Structure formats: structure tokens, C-alpha cells
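Trainee: Sharing protein.cif (mmCIF, C-alpha atoms) below.
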```cif
data_model
#
loop_
_atom_site.label_atom_id
_atom_site.label_comp_id
_atom_site.auth_asym_id
_atom_site.auth_seq_id
_atom_site.Cartn_x
_atom_site.Cartn_y
_atom_site.Cartn_z
CA MET A 233 18.64 14.91 -18.25
CA VAL A 234 18.97 11.11 -18.18
CA LYS A 235 22.14 11.19 -20.28
CA ARG A 236 23.76 13.88 -18.11
CA ALA A 237 22.91 12.28 -14.75
CA ARG A 238 25.68 10.35 -12.99
CA ARG A 239 23.11 7.95 -11.50
CA ILE A 240 19.34 7.55 -11.49
CA VAL A 241 17.84 6.46 -8.17
CA THR A 242 14.50 4.70 -7.91
CA ASP A 243 12.74 2.55 -5.32
CA SER A 244 12.07 -0.75 -7.11
CA SER A 245 13.51 -3.03 -9.77
CA TYR A 246 10.19 -2.79 -11.59
CA THR A 247 10.56 0.99 -11.92
CA SER A 248 14.25 0.62 -12.77
CA SER A 249 13.38 -1.60 -15.73
CA ALA A 250 10.71 0.84 -16.87
CA ILE A 251 13.21 3.73 -16.76
CA CYS A 252 15.74 1.76 -18.80
CA ARG A 253 13.11 0.92 -21.43
CA ARG A 254 11.54 4.36 -21.60
CA PHE A 255 14.70 6.46 -21.62
CA SER A 256 17.23 3.96 -23.00
CA ALA A 257 19.26 4.35 -19.81
CA PRO A 258 22.09 1.84 -19.24
CA PRO A 259 21.02 -0.58 -16.47
CA GLY A 260 24.21 0.12 -14.52
CA LYS A 261 23.25 3.77 -14.26
CA VAL A 262 20.02 3.08 -12.39
CA ARG A 263 20.20 2.13 -8.71
CA VAL A 264 17.37 0.73 -6.63
CA ILE A 265 17.05 2.03 -3.08
CA PRO A 266 13.79 0.82 -1.47
CA LEU A 267 11.89 3.11 0.84
CA GLY A 268 11.53 2.50 4.57
CA GLY A 269 8.38 1.73 6.50
CA ASP A 270 9.62 1.82 10.08
CA HIS A 271 8.23 5.31 10.68
CA ILE A 272 4.73 3.91 11.04
CA GLY A 273 3.65 3.12 14.57
CA ARG A 274 5.85 5.76 16.16
CA GLN A 275 3.33 8.57 15.93
CA PRO A 276 1.41 9.58 19.05
CA VAL A 277 -2.35 9.07 18.88
CA SER A 278 -4.36 12.00 20.20
CA GLY A 279 -7.86 12.21 21.59
CA GLN A 280 -8.86 13.96 18.37
CA ASP A 281 -7.55 10.97 16.39
CA GLU A 282 -9.73 8.63 18.47
CA ARG A 283 -12.78 10.84 17.98
CA ARG A 284 -12.18 11.03 14.23
CA TYR A 285 -11.81 7.26 14.10
CA GLY A 286 -15.19 6.95 15.77
CA GLU A 287 -16.72 9.15 13.08
CA ILE A 288 -15.15 7.17 10.25
CA ASN A 289 -16.04 3.78 11.71
CA ALA A 290 -19.10 4.42 13.83
CA GLY A 291 -20.02 1.25 15.68
CA ASP A 292 -16.43 -0.01 15.48
CA LEU A 293 -17.19 -2.58 12.78
CA ASP A 294 -14.65 -4.74 10.97
CA TYR A 295 -13.15 -3.06 7.89
CA PHE A 296 -10.64 -3.43 5.11
CA LEU A 297 -8.32 -0.48 4.46
CA SER A 298 -6.79 1.21 1.42
CA ILE A 299 -4.60 4.30 1.16
CA ALA A 300 -4.78 5.77 -2.33
CA ASN A 301 -5.03 8.94 -4.41
CA PRO A 302 -7.45 9.70 -7.28
CA ARG A 303 -5.09 8.58 -10.06
CA PRO A 304 -6.69 5.96 -12.32
CA HIS A 305 -3.89 3.39 -11.86
CA LYS A 306 -4.82 3.06 -8.18
CA ASN A 307 -7.85 1.11 -9.44
CA VAL A 308 -9.88 1.78 -6.29
CA LEU A 309 -13.22 1.26 -8.01
CA PHE A 310 -12.26 -2.38 -8.62
CA ALA A 311 -11.83 -2.96 -4.88
CA VAL A 312 -15.09 -1.15 -4.10
CA ARG A 313 -16.97 -3.39 -6.53
CA CYS A 314 -15.40 -6.50 -5.02
CA LEU A 315 -16.37 -5.61 -1.48
CA LEU A 316 -19.89 -4.47 -2.30
CA GLY A 317 -20.38 -7.56 -4.47
CA SER A 318 -19.64 -9.96 -1.61
CA GLU A 319 -22.86 -11.12 0.02
CA ALA A 320 -20.87 -12.81 2.80
CA LEU A 321 -19.11 -9.55 3.74
CA ARG A 322 -22.43 -7.70 3.60
CA LYS A 323 -23.98 -10.15 6.05
CA ARG A 324 -20.95 -9.79 8.31
CA LYS A 325 -21.34 -5.97 8.12
CA VAL A 326 -17.74 -5.49 6.97
CA ARG A 327 -16.77 -2.01 5.81
CA TYR A 328 -14.10 -0.63 3.49
CA VAL A 329 -12.25 2.51 4.64
CA LEU A 330 -10.56 4.64 1.98
CA VAL A 331 -7.86 7.07 3.09
CA GLY A 332 -6.95 9.92 0.74
CA GLN A 333 -8.90 11.82 -1.87
CA GLN A 334 -10.73 9.53 -4.30
CA HIS A 335 -11.68 9.85 -7.96
CA PRO A 336 -15.19 11.23 -8.64
CA SER A 337 -16.12 7.93 -10.34
CA VAL A 338 -15.59 6.14 -7.02
CA HIS A 339 -17.88 8.55 -5.18
CA ALA A 340 -20.51 8.24 -7.92
CA TYR A 341 -20.44 4.45 -7.83
CA VAL A 342 -20.70 4.34 -4.05
CA LYS A 343 -23.60 6.81 -4.05
CA ALA A 344 -25.50 4.60 -6.50
CA ASN A 345 -24.62 1.19 -5.07
CA ASP A 346 -23.99 1.49 -1.33
CA PRO A 347 -27.24 2.35 0.48
CA GLU A 348 -25.92 0.80 3.70
CA GLY A 349 -22.88 3.09 3.85
CA ARG A 350 -20.31 0.31 3.99
CA ILE A 351 -17.74 2.32 2.02
CA ARG A 352 -16.26 4.99 4.29
CA PHE A 353 -14.34 7.94 2.87
CA ALA A 354 -11.79 9.07 5.46
CA GLY A 355 -10.13 11.72 3.25
CA GLU A 356 -6.81 13.08 4.44
CA VAL A 357 -5.89 11.89 7.93
CA SER A 358 -3.27 12.71 10.56
CA GLU A 359 -0.34 10.38 11.13
CA GLY A 360 -1.80 9.30 14.46
CA LEU A 361 -5.16 8.46 12.90
CA LEU A 362 -3.46 6.58 10.08
CA CYS A 363 -1.72 4.50 12.72
CA LEU A 364 -5.06 3.68 14.34
CA LEU A 365 -6.60 2.72 11.02
CA TYR A 366 -3.75 0.36 10.22
CA GLU A 367 -3.78 -1.11 13.71
CA ARG A 368 -7.50 -1.95 13.72
CA ALA A 369 -8.03 -3.01 10.09
CA VAL A 370 -8.73 -6.56 8.97
CA ALA A 371 -6.29 -6.24 6.08
CA LEU A 372 -4.79 -3.77 3.63
CA VAL A 373 -6.07 -3.88 0.06
CA CYS A 374 -3.88 -2.72 -2.87
CA THR A 375 -5.47 -3.02 -6.30
CA SER A 376 -3.09 -0.75 -8.23
CA ARG A 377 -1.99 -1.41 -11.79
CA GLY A 378 1.68 -0.68 -12.51
CA GLU A 379 2.46 0.44 -8.95
CA GLY A 380 6.03 1.71 -8.72
CA PHE A 381 6.58 0.77 -5.06
CA CYS A 382 3.53 1.11 -2.74
CA LEU A 383 4.61 2.53 0.60
CA PRO A 384 1.24 1.62 2.23
CA ALA A 385 2.01 -2.06 1.56
CA VAL A 386 5.24 -1.73 3.54
CA GLU A 387 3.50 0.23 6.29
CA GLY A 388 0.75 -2.37 6.46
CA MET A 389 3.28 -5.20 6.84
CA ARG A 390 5.08 -3.20 9.49
CA MET A 391 1.82 -3.09 11.43
CA GLY A 392 1.38 -6.86 11.06
CA LEU A 393 -1.52 -6.62 8.60
CA PRO A 394 -2.37 -9.14 5.89
CA VAL A 395 -1.86 -7.43 2.51
CA ILE A 396 -4.09 -8.46 -0.40
CA ALA A 397 -2.60 -6.98 -3.55
CA ALA A 398 -2.57 -7.04 -7.33
CA ASN A 399 -0.03 -9.33 -8.93
CA ASP A 400 1.17 -6.36 -10.94
CA GLY A 401 3.87 -3.68 -11.01
CA ALA A 402 6.27 -3.63 -8.07
CA LEU A 403 3.80 -5.21 -5.63
CA PRO A 404 5.12 -8.79 -6.06
CA GLU A 405 8.66 -7.47 -5.57
CA VAL A 406 7.77 -5.56 -2.39
CA LEU A 407 5.49 -8.13 -0.79
CA GLY A 408 7.20 -11.34 -1.87
CA PRO A 409 5.70 -14.49 -0.31
CA ALA A 410 4.29 -12.45 2.60
CA GLY A 411 1.49 -10.96 0.46
CA ARG A 412 -1.60 -12.45 -1.13
CA LEU A 413 -1.11 -11.58 -4.80
CA LEU A 414 -4.12 -11.83 -7.10
CA SER A 415 -4.98 -11.27 -10.76
CA LEU A 416 -6.99 -8.16 -11.56
CA GLU A 417 -8.94 -10.06 -14.19
CA ASP A 418 -11.33 -11.78 -11.76
CA GLU A 419 -13.37 -9.99 -9.09
CA GLY A 420 -14.53 -13.35 -7.76
CA ILE A 421 -11.09 -14.42 -6.53
CA TRP A 422 -10.73 -11.09 -4.75
CA GLN A 423 -14.07 -11.56 -3.01
CA GLU A 424 -13.02 -15.06 -1.92
CA ALA A 425 -9.70 -13.73 -0.61
CA LEU A 426 -11.39 -10.91 1.33
CA GLU A 427 -13.93 -13.29 2.84
CA HIS A 428 -11.21 -15.82 3.70
CA ILE A 429 -8.86 -13.41 5.46
CA HIS A 430 -11.77 -11.88 7.38
CA ALA A 431 -12.76 -15.34 8.62
CA ILE A 432 -9.17 -16.07 9.64
CA LYS A 433 -8.87 -12.81 11.55
CA LYS A 434 -12.22 -13.37 13.30
CA ARG A 435 -11.10 -16.84 14.43
CA GLY A 436 -7.86 -15.37 15.75
CA ASP A 437 -5.80 -17.60 13.47
CA TRP A 438 -3.82 -14.86 11.72
CA ASP A 439 -0.04 -15.23 12.16
CA PRO A 440 1.66 -11.87 11.46
CA SER A 441 5.20 -13.32 11.60
CA PRO A 442 5.77 -13.55 7.80
CA VAL A 443 4.70 -9.96 7.10
CA LEU A 444 6.64 -8.59 10.08
CA GLU A 445 9.74 -10.45 8.89
CA ARG A 446 9.30 -9.11 5.36
CA ALA A 447 8.82 -5.56 6.67
CA ARG A 448 12.25 -5.65 8.33
CA ARG A 449 13.80 -5.34 4.86
CA PHE A 450 12.38 -1.85 4.49
CA THR A 451 13.96 0.60 6.92
CA TRP A 452 14.96 4.23 6.55
CA ALA A 453 18.38 3.41 8.03
CA ASN A 454 18.96 0.95 5.20
CA ALA A 455 17.78 3.52 2.63
CA ALA A 456 20.12 6.15 4.12
CA GLU A 457 23.05 3.73 4.15
CA LYS A 458 22.57 2.84 0.49
CA THR A 459 22.16 6.50 -0.46
CA MET A 460 25.39 7.48 1.32
CA ALA A 461 27.23 4.59 -0.34
CA LEU A 462 26.04 5.85 -3.72
CA TYR A 463 27.21 9.41 -2.94
CA GLU A 464 30.63 8.05 -1.95
CA GLU A 465 30.81 6.00 -5.15
CA ILE A 466 30.06 9.04 -7.30
CA HIS A 467 32.53 11.16 -5.33
CA SER A 468 35.26 8.54 -5.80
CA GLU A 469 34.60 8.45 -9.55
CA ALA A 470 34.82 12.24 -9.78
CA HIS A 471 38.02 12.27 -7.73
CA ALA A 472 39.59 9.56 -9.93
CA ALA A 473 38.64 11.52 -13.07
CA ASP A 474 40.39 14.63 -11.70
CA ILE A 475 43.57 12.66 -11.15
#
```
Let me see whether you can do it: turn the structure in this file into C-alpha cells.

Mentor:
Amino acid sequence: MVKRARRIVTDSSYTSSAICRRFSAPPGKVRVIPLGGDHIGRQPVSGQDERRYGEINAGDLDYFLSIANPRPHKNVLFAVRCLLGSEALRKRKVRYVLVGQQHPSVHAYVKANDPEGRIRFAGEVSEGLLCLLYERAVALVCTSRGEGFCLPAVEGMRMGLPVIAANDGALPEVLGPAGRLLSLEDEGIWQEALEHIHAIKKRGDWDPSPVLERARRFTWANAAEKTMALYEEIHSEAHAADI
């Protein structure tokens, strides 16, 4: 399949390199077209979304946010341990909201170690509710290993959120200097980062300008333009071959 394809399209240079290594694909055959994030924030928020938000975050407490699936590389349990292990965040009554279905190991750990109910499982949510959760969060947390792109990181930046992420996979490429990139080898530095950004947000000192500027790189119009240019390139090659 790789040998017969005219081009291989992926969404990050990190994934492009992995494809070239894994399948021995020539680098010139793989094209990177990043995804867009400018869809977020356009969705209408319904009364049902507001009610559901109230159920997820009863008392309207401060919370960190992650959007993830149950796959092991999402590394959600690491983030859960970091938040529950922070005495400062416990005293401040800060929660952690998880959107999406989570691995059974995460549920088991929370059941055994979170008597106060600080970890909130939102499950699958509507687009309007997702917007609300982004809008009201302290920061987005991304602890994935080997992430190929991470659309939530782009959505979070688009909403002006601080993004605290693993210095791994495509996350450094996507976030650049706008993200707080941390090693996954030390839970302590993650706890310090979470505590620090929460304090900044509470003081009202957070400046969203760098993340909003970074987010402007990721638009669906740009993705469409690059895709059309690739189609035209392939068409021109085929036409030249026929001549």
C-alpha cells in the first residue's frame, strides 16, 4: 500500500518521520498537513449543556481538563496521580475533569484514592458542553506518550487556555513555545506546574496572547488549501506522465 500510494498525508512531522522509519517510505512521499482547531468556540451552548456542566462540576470549582480515550499511550493515570498527589491543589479544592471514556485502571485508581471526588468523569460530551469545559477550565493537561498530533491541544490554545503537556511525540511541534512542556519522568515537576498555573489564573495574571497567536497556525482553511495543492500536484504529475 505504501509503495503504491502517490503520496502519504499525515498531520505532523513527528508522525511523518515515524512512517518513513516504519515503512521505509521516501521522505518526499510523505506530506504534513496539520489539522485545524478553529471549529471550537462556534458551537451553540444549550440549556442542557449548562445543566450537564453543573452535574460534572457541582459547586463550580476550579478544574484542570483533559480530553482522552482509554488507549494506554494517553497516560491519563499519570495526570490523575499528579493532581491527587498535590496537597496544595487539594487545599484549594481543585478538580480534574476527564472527557471521553477512560481506561478501567483509571477508574480503579480513582475509586481507591479519591474519597473527596476531585476527579470528575464527564464521559462523552456534546460539542456545546465541550466548549463550556474548555472556556471555564484552569488549563488543559496532555500527558500522552508518542502523541501523533493532539487536536485537544490546538482546541485548548484556540480557547486561550494554558496547555501543560508532555515533552514527547508531536506535542512540542504543535505547541512550540506557547506550551509548558514537561518530562514524564517526574511527577513532582508536573505538580509544581499545575500549582503554579492555577495560582497565576487565580491572580488574573494569565496572558493568553501567545497561545492564541500559536493557534492561528492551525485552521481548516489552511488544511484545505494544502490538501487541494497536493491534489493539483498529483494531477499535474499524472498529466505529464500521459504526455

Trainee: Write out as a Markdown table the residues of stretch 337-390 of chain A that have any atom within 10 Å of an atom of stretch 306-326 of chain A, one row each with the nearest atom pair and its distance in Å to one decimal, counting only C-alpha atoms, sorted by chain and then rising number.

Mentor:
```
| residue | atom | partner | partner_atom | distance |
| --- | --- | --- | --- | --- |
| A:Ser337 | CA | A:Leu309 | CA | 7.6 |
| A:Val338 | CA | A:Leu309 | CA | 5.5 |
| A:His339 | CA | A:Leu309 | CA | 9.1 |
| A:Tyr341 | CA | A:Leu309 | CA | 7.9 |
| A:Val342 | CA | A:Val312 | CA | 7.8 |
| A:Asn345 | CA | A:Leu316 | CA | 7.9 |
| A:Asp346 | CA | A:Leu316 | CA | 7.3 |
| A:Glu348 | CA | A:Arg322 | CA | 9.2 |
| A:Arg350 | CA | A:Val326 | CA | 7.0 |
| A:Ile351 | CA | A:Val312 | CA | 7.5 |
| A:Val370 | CA | A:Val326 | CA | 9.3 |
| A:Val373 | CA | A:Ala311 | CA | 7.6 |
| A:Cys374 | CA | A:Lys306 | CA | 7.9 |
| A:Thr375 | CA | A:Asn307 | CA | 5.7 |
| A:Ser376 | CA | A:Lys306 | CA | 4.2 |
| A:Arg377 | CA | A:Lys306 | CA | 6.4 |
| A:Gly378 | CA | A:Lys306 | CA | 8.7 |
| A:Glu379 | CA | A:Lys306 | CA | 7.8 |
```

Trainee: Using all atoms listed in the file, collect all residues at a distance of at most 10 Å from (8.4, -3.3, -15.4) as written in the file, then present them as a PyMOL selection string.

Mentor: chain A and resi 244-253+378-380+400-402

Trainee: If you count all atoms listed in the file, which residues fall within 9 Å of stretch 358-365 of chain A, apart from same-chain ones fewer than 3 positions away, as an MDAnalysis selection string?

Mentor: chainID A and resid 272:278 280:282 284:285 297 329 331 368:369 391

Trainee: Work out how far atom CA of A:Gly392 is from atom CA of A:Leu444, in Å to one decimal.

Mentor: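 Computed distance, atom CA of A:Leu444 to atom CA of A:Gly392, equals 5.6 Å.
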
Trainee: For atom CA of A:Pro347 and atom CA of A:Tyr295, determine how far apart the two atoms are, in Å to one decimal place.

Mentor: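 Atom CA of A:Tyr295 lies 16.8 Å from atom CA of A:Pro347.
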
Trainee: What is the atom CA of A:Val234-atom CA of A:Arg254 distance in Å, reported with one decimal?

Mentor: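 Atom CA of A:Arg254 lies at a distance of 10.6 Å from atom CA of A:Val234.
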
Trainee: Could you give me, as a ChimeraX atom specification, the residues within 9 Å of A:Val395, counting all atoms listed in the file and dropping anything in the same chain fewer than 4 positions from it?

Mentor: /A:371-374,385,388-389,407,410-413,443

Trainee: Which one is closest to A:Phe255: A:His471, A:Arg446, A:His271, A:Lys235? Count all atoms listed in the file.

Mentor: A:Lys235

Trainee: Do you know which residues are at most 8 Å from A:Ile240 counting all atoms listed in the file, after dropping those on the same chain fewer than 3 positions away, and could you put them as a ChimeraX atom specification?

Mentor: /A:234,237,261-263

Trainee: Let me know the residues the PyMOL selection byres ((chain A and resi 356) around 7) catches in the file above, as a list in words.

Mentor: Val331, Gly332, Gln333, Ala354, Gly355 and Val357 of chain A

Trainee: Looking at A:Ala290, A:Ile396, A:Ile466, A:Ala431, which one is nearest to A:Pro384, with distances taken over all atoms listed in the file?

Mentor: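 Nearest to A:Pro384: A:Ile396.
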
Trainee: Once the PyMOL selection byres ((chain A and resi 302) around 7) is applied to the coordinates I shared, what remains selected? I want it as a list in words.

Mentor: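 When the PyMOL selection byres ((chain A and resi 302) around 7) is applied, the selected residues are Ala300, Asn301, Arg303, Pro304, Gln333, Gln334 and His335 of chain A.
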
Trainee: Expand the PyMOL selection byres ((chain A and resi 449-456) around 6) into the individual residues it matches in the shown file, reporting them as a PDB file with C-alpha atoms, keeping the file's coordinate frame.

Mentor:
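Result file part21.pdb:
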```
ATOM      1  CA  ILE A 265      17.050   2.030  -3.080  1.00  0.00           C
ATOM      2  CA  GLY A 268      11.530   2.500   4.570  1.00  0.00           C
ATOM      3  CA  GLY A 269       8.380   1.730   6.500  1.00  0.00           C
ATOM      4  CA  ASP A 270       9.620   1.820  10.080  1.00  0.00           C
ATOM      5  CA  ARG A 446       9.300  -9.110   5.360  1.00  0.00           C
ATOM      6  CA  ALA A 447       8.820  -5.560   6.670  1.00  0.00           C
ATOM      7  CA  ARG A 448      12.250  -5.650   8.330  1.00  0.00           C
ATOM      8  CA  GLU A 457      23.050   3.730   4.150  1.00  0.00           C
ATOM      9  CA  LYS A 458      22.570   2.840   0.490  1.00  0.00           C
ATOM     10  CA  THR A 459      22.160   6.500  -0.460  1.00  0.00           C
TER      11      THR A 459
END
```

Trainee: Check the smallest atom-to-atom distance from each of A:Arg327, A:His305, A:Gly291, A:Met460 to A:Leu416 using all atoms listed in the file, then report the winner.

Mentor: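 Ranked by minimum distance to A:Leu416, first place goes to A:His305.
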
Trainee: As JSON, please report the centre and edge lengths, rounded to one decimal in Å, of the axis-aligned box that holds all listed atoms of stretch 349-354 of chain A with 5 Å of padding on each of the six sides.

Mentor:
```
{"center_x": -17.3, "center_y": 4.7, "center_z": 3.7, "size_x": 21.1, "size_y": 18.8, "size_z": 13.4}
```

Trainee: A:Pro409, A:Pro259, A:Gly279, A:Pro404: which is nearest A:Ser441, counting only C-alpha atoms?

Mentor: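 Ranked by minimum distance to A:Ser441, first place goes to A:Pro409.
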
Trainee: A:Glu469, A:Glu405, A:Glu419, A:Asp294: which is nearest A:Phe381, counting all atoms listed in the file?

Mentor: A:Glu405

Trainee: Please complete stretch 289-308 of chain A so it has N, CA, C and O atoms, and hand it over as a PDB file, in the coordinates of the input.

Mentor:
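Result file is result04.pdb:
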```pdb
ATOM      1  N   ASN A 289     -15.577   5.157  11.505  1.00  0.00           N
ATOM      2  CA  ASN A 289     -16.040   3.780  11.710  1.00  0.00           C
ATOM      3  C   ASN A 289     -17.000   3.707  12.884  1.00  0.00           C
ATOM      4  O   ASN A 289     -16.738   3.017  13.867  1.00  0.00           O
ATOM      5  N   ALA A 290     -18.091   4.424  12.776  1.00  0.00           N
ATOM      6  CA  ALA A 290     -19.100   4.420  13.830  1.00  0.00           C
ATOM      7  C   ALA A 290     -19.587   3.000  14.085  1.00  0.00           C
ATOM      8  O   ALA A 290     -19.877   2.253  13.147  1.00  0.00           O
ATOM      9  N   GLY A 291     -19.628   2.615  15.340  1.00  0.00           N
ATOM     10  CA  GLY A 291     -20.020   1.250  15.680  1.00  0.00           C
ATOM     11  C   GLY A 291     -18.841   0.301  15.772  1.00  0.00           C
ATOM     12  O   GLY A 291     -18.993  -0.849  16.164  1.00  0.00           O
ATOM     13  N   ASP A 292     -17.660   0.781  15.407  1.00  0.00           N
ATOM     14  CA  ASP A 292     -16.430  -0.010  15.480  1.00  0.00           C
ATOM     15  C   ASP A 292     -16.580  -1.371  14.799  1.00  0.00           C
ATOM     16  O   ASP A 292     -16.283  -2.422  15.378  1.00  0.00           O
ATOM     17  N   LEU A 293     -17.019  -1.350  13.544  1.00  0.00           N
ATOM     18  CA  LEU A 293     -17.190  -2.580  12.780  1.00  0.00           C
ATOM     19  C   LEU A 293     -15.877  -3.012  12.126  1.00  0.00           C
ATOM     20  O   LEU A 293     -14.929  -2.227  12.022  1.00  0.00           O
ATOM     21  N   ASP A 294     -15.812  -4.263  11.700  1.00  0.00           N
ATOM     22  CA  ASP A 294     -14.650  -4.740  10.970  1.00  0.00           C
ATOM     23  C   ASP A 294     -14.547  -4.003   9.635  1.00  0.00           C
ATOM     24  O   ASP A 294     -15.573  -3.682   9.016  1.00  0.00           O
ATOM     25  N   TYR A 295     -13.318  -3.758   9.171  1.00  0.00           N
ATOM     26  CA  TYR A 295     -13.150  -3.060   7.890  1.00  0.00           C
ATOM     27  C   TYR A 295     -11.831  -3.415   7.235  1.00  0.00           C
ATOM     28  O   TYR A 295     -10.843  -3.745   7.890  1.00  0.00           O
ATOM     29  N   PHE A 296     -11.863  -3.378   5.902  1.00  0.00           N
ATOM     30  CA  PHE A 296     -10.640  -3.430   5.110  1.00  0.00           C
ATOM     31  C   PHE A 296     -10.187  -1.994   4.866  1.00  0.00           C
ATOM     32  O   PHE A 296     -10.985  -1.059   4.947  1.00  0.00           O
ATOM     33  N   LEU A 297      -8.904  -1.819   4.561  1.00  0.00           N
ATOM     34  CA  LEU A 297      -8.320  -0.480   4.460  1.00  0.00           C
ATOM     35  C   LEU A 297      -7.530  -0.343   3.159  1.00  0.00           C
ATOM     36  O   LEU A 297      -6.837  -1.260   2.731  1.00  0.00           O
ATOM     37  N   SER A 298      -7.664   0.829   2.533  1.00  0.00           N
ATOM     38  CA  SER A 298      -6.790   1.210   1.420  1.00  0.00           C
ATOM     39  C   SER A 298      -6.355   2.646   1.585  1.00  0.00           C
ATOM     40  O   SER A 298      -7.125   3.480   2.079  1.00  0.00           O
ATOM     41  N   ILE A 299      -5.118   2.930   1.191  1.00  0.00           N
ATOM     42  CA  ILE A 299      -4.600   4.300   1.160  1.00  0.00           C
ATOM     43  C   ILE A 299      -4.261   4.572  -0.291  1.00  0.00           C
ATOM     44  O   ILE A 299      -3.402   3.903  -0.878  1.00  0.00           O
ATOM     45  N   ALA A 300      -4.957   5.532  -0.894  1.00  0.00           N
ATOM     46  CA  ALA A 300      -4.780   5.770  -2.330  1.00  0.00           C
ATOM     47  C   ALA A 300      -5.131   7.201  -2.688  1.00  0.00           C
ATOM     48  O   ALA A 300      -5.804   7.897  -1.926  1.00  0.00           O
ATOM     49  N   ASN A 301      -4.680   7.627  -3.864  1.00  0.00           N
ATOM     50  CA  ASN A 301      -5.030   8.940  -4.410  1.00  0.00           C
ATOM     51  C   ASN A 301      -5.979   8.755  -5.591  1.00  0.00           C
ATOM     52  O   ASN A 301      -6.288   7.619  -5.957  1.00  0.00           O
ATOM     53  N   PRO A 302      -6.442   9.840  -6.208  1.00  0.00           N
ATOM     54  CA  PRO A 302      -7.450   9.700  -7.280  1.00  0.00           C
ATOM     55  C   PRO A 302      -6.919   9.198  -8.625  1.00  0.00           C
ATOM     56  O   PRO A 302      -7.704   9.033  -9.555  1.00  0.00           O
ATOM     57  N   ARG A 303      -5.631   8.971  -8.769  1.00  0.00           N
ATOM     58  CA  ARG A 303      -5.090   8.580 -10.060  1.00  0.00           C
ATOM     59  C   ARG A 303      -5.686   7.240 -10.523  1.00  0.00           C
ATOM     60  O   ARG A 303      -5.849   6.318  -9.721  1.00  0.00           O
ATOM     61  N   PRO A 304      -5.998   7.146 -11.814  1.00  0.00           N
ATOM     62  CA  PRO A 304      -6.690   5.960 -12.320  1.00  0.00           C
ATOM     63  C   PRO A 304      -5.959   4.638 -12.038  1.00  0.00           C
ATOM     64  O   PRO A 304      -6.607   3.606 -11.831  1.00  0.00           O
ATOM     65  N   HIS A 305      -4.604   4.656 -12.041  1.00  0.00           N
ATOM     66  CA  HIS A 305      -3.890   3.390 -11.860  1.00  0.00           C
ATOM     67  C   HIS A 305      -4.076   2.797 -10.469  1.00  0.00           C
ATOM     68  O   HIS A 305      -3.801   1.611 -10.254  1.00  0.00           O
ATOM     69  N   LYS A 306      -4.563   3.583  -9.522  1.00  0.00           N
ATOM     70  CA  LYS A 306      -4.820   3.060  -8.180  1.00  0.00           C
ATOM     71  C   LYS A 306      -5.972   2.049  -8.184  1.00  0.00           C
ATOM     72  O   LYS A 306      -6.089   1.232  -7.272  1.00  0.00           O
ATOM     73  N   ASN A 307      -6.859   2.162  -9.196  1.00  0.00           N
ATOM     74  CA  ASN A 307      -7.850   1.110  -9.440  1.00  0.00           C
ATOM     75  C   ASN A 307      -8.760   0.860  -8.230  1.00  0.00           C
ATOM     76  O   ASN A 307      -9.157  -0.287  -7.960  1.00  0.00           O
ATOM     77  N   VAL A 308      -9.093   1.912  -7.511  1.00  0.00           N
ATOM     78  CA  VAL A 308      -9.880   1.780  -6.290  1.00  0.00           C
ATOM     79  C   VAL A 308     -11.288   1.272  -6.568  1.00  0.00           C
ATOM     80  O   VAL A 308     -11.850   0.504  -5.782  1.00  0.00           O
TER      81      VAL A 308
END
```
